[in-house]
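The next block holds one structure in the form of structure tokens; read it before the comments.
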There are 2 protein chains.
Amino acid sequence: MQKDQIAEVLTRFPSLAELTSEEWQEEGISITTVPANFTIDEGEFLENAPLILDGLVRIFKLSSDGREVTLYRLTAGECCPLIASSILGETVYEASACVEKPSLVLNVPTKIYKKWIEKHQDFRQYIFQSFARRLIIMSNLIDDINFKSIRVRISEYLIEHTSAENDTLAITHDLLAIELGTAREVISRTLKKMEKEGLLRVARGQITDIKRSRLPTDE
Amino acid sequence: MQKDQIAEVLTRFPSLAELTSEEWQEEGISITTVPANFTIDEGEFLENAPLILDGLVRIFKLSSDGREVTLYRLTAGECCPLIASSILGETVYEASACVEKPSLVLNVPTKIYKKWIEKHQDFRQYIFQSFARRLIIMSNLIDDINFKSIRVRISEYLIEHTSAENDTLAITHDLLAIELGTAREVISRTLKKMEKEGLLRVARGQITDIKRSRLPTDE
DNA sequence: AATAACTTGGTGACAAAGTCACAGATTACC
DNA sequence: GGTAATCTGTGACTTTGTCACCAAGTTATT
């Protein structure tokens with residue numbers, strides 16, 4: 001690892017600032033670019049812990065009949081707690097990962113990763129906090145699936161992925177269905193109803209004119 | 001903390017064996033018995049991290065309209081990773097806990113708990129592994145909710161809570177519904193259908209004659 | 001430019017699950 | 001023994017999910 005590379009990593013992972021230059025020189029640490037659609041399948045054993053420097057990675061579960069639920073996504077400055085836990089708990093990785101946008105990844109061999117966590121408090125705390133966040137996000141997801149109507153779940157997704165300046169979202173019904181763990185037809189029908197009520201407009205591959213303030217956020 | 005108390009804790013939490021006798025004498029560490037139905041509500045701030053020595057505690061989420069999903073249960077030798085994460089990540093506790101069977105709990109003030117995790121590798125590893133287990137269990141739960149029929153989910157619950165020797169389970173439809181995050185009527189109807197097929201027999205407050213080997217475990 | 005292959009979205013019929021409003025049945029308890 | 005609380009059953013209805021298929025748009029191929 002070179003000086004400028006290390007500096008770049010530190011902008012994304014300030015919790016690694018404690019590391020000595022000797023530790024950065026250990027065998028096997030590297031930065032790689034991973035192309036879109038690169039996939040790690042459930043059950044694989046991992047030699048490296050990936051820390052995401054840039055890009056977008058989706059972590060999901062596959063069901064026996066080929067459908068998917070998105071568990072969460074990782075972006076710059078994040079690590080996958082399921083990977084961390086599989087490394088620290090020495091179990092196989094029980095989910096799949098798929099690179100959605102070409103990503104820049106810091107690969108840390110599992111042994112070195114463990115050493116870092118044991119030695120460096122800042123990094124350890126960072127890892128713990130990402131566990132915390134994920135557990136909470138996942139329990140909220142369970143909550144949503146159990147108790148919220150699709151209409152509300154679609155609305156919340158739209159609100160989260162648009163802004164006051166941008167009332168358009170480019171996504172197909174199919175993808176949105178996978179996002180929410182439901183079926184495309186359900187999305188199509190619900191969006192159509194919402195269009196009739198003037199909450200948004202549907203076009204091929206995108207949803208426009210999203211009236212964020214009028215979308216329902218509760219039952 | 002007295003010698004015999006410490007010894008008892010160690011049988012449940014061998015990962016605490018490294019602690020010195022000075023550490024055991026720190027202010028605030030105590031063992032308490034918690035009666036059934038004692039509850040910690042979502043959002044409360046915790047002063048102590050509880051480690052379960054004996055009993056049964058249910059961790060669940062409440063929805064806005066008063067329904068519940070069980071996230072998981074804790075028994076002897078376990079700790080609540082959501083509590084751990086809220087302490088380590090310094091956030092509020094985003095779930096509720098309810099004591100189901102009178103429980104014996106080791107209370108560790110959060111500051112001391114943090115110190116233990118930083119100082120003692122064995123305990124740290126134990127905590128990490130419990131994070132790992134929970135993340136995996138919760139992602140499997142999401143999987144189940146999304147992809148499995150109620151019939152299968154009921155079957156899996158029955159198989160898990162009976163044995164080759166014991167083909168009876170004492171539980172009401174209402175409780176089973178809360179367990180699985182669904183409605184009582186759905187449970188009643190499904191159980192009745194399964195009874196007609198000779199897979200089990202329903203009685204008030206219990207399910208008997210459970211034919212474990214014939215219950216469906218896939219779609 | 002013509003064709004084929006693929007993507008995206010629409011529809012109707014149906015099944016599975018959840019909701020609501022009750023009504024009996026059984027048990028607990030004073 | 002009577003009253004209240006708990007547990008279960010049922011029918012009507014809504015929402016969500018599934019299946020089969022079609023139509024329009026897009027991209028690739030020649």
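Within each chain, counting starts at residue 1; across the structure tokens, chains are named A, B, ... in the order shown, with ligands numbered 1 upward in that order.
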
Compile the residues of chain A that lie within 10 Å of chain B, evaluated using only C-alpha atoms, and express the compilation as a ChimeraX atom specification.
/A:60-71,81-91,93-95,118-121,124-148,180-182,218-219

Near chain B, 9 Å: chain D residue rows, closest pairs, only C-alpha atoms (C1' of nucleotides), as a Markdown table:
| residue | atom | partner | partner_atom | distance |
| --- | --- | --- | --- | --- |
| D:DC7 | C1' | B:Arg204 | CA | 6.9 |
| D:DT8 | C1' | B:Ser188 | CA | 7.4 |
| D:DG9 | C1' | B:Ser188 | CA | 8.0 |

Run DSSP on the backbone of this structure and report the residues of chain B it assigns to strand (DSSP E or B), as a ChimeraX atom specification.
/B:30-34,39-40,48-62,68-75,78-79,96-109,169,201-203,206-208

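From C1' of DC22 in chain D back to CA of Ile154 in chain A, the distance works out to 26.4 Å.
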
Grab the CA of Thr33 in chain B to CA of Val92 in chain B distance for me, in Å with one decimal place.
24.0 Å

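Here CA of Asn166 in chain B and C1' of DT27 in chain C stand 25.0 Å from one another.
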
Tell me as a list in words which residues belonging to chain C come within 10 Å of chain A, counting only C-alpha atoms (C1' of nucleotides).
DT7, DT8, DG9, DG10 and DT11 of chain C

Within range 53-219 of chain A, find each residue whose DSSP state, derived from the backbone, is alpha helix (DSSP H), and express the selection as JSON, numbers by chain.
{"A": [81, 82, 83, 84, 85, 86, 87, 88, 110, 111, 112, 113, 114, 115, 116, 117, 118, 119, 121, 122, 123, 124, 125, 126, 127, 128, 129, 130, 131, 132, 133, 134, 135, 136, 137, 138, 139, 140, 141, 142, 143, 144, 145, 146, 147, 150, 151, 152, 153, 154, 155, 156, 157, 158, 159, 160, 173, 174, 175, 176, 177, 178, 179, 180, 184, 185, 186, 187, 188, 189, 190, 191, 192, 193, 194, 195, 196]}
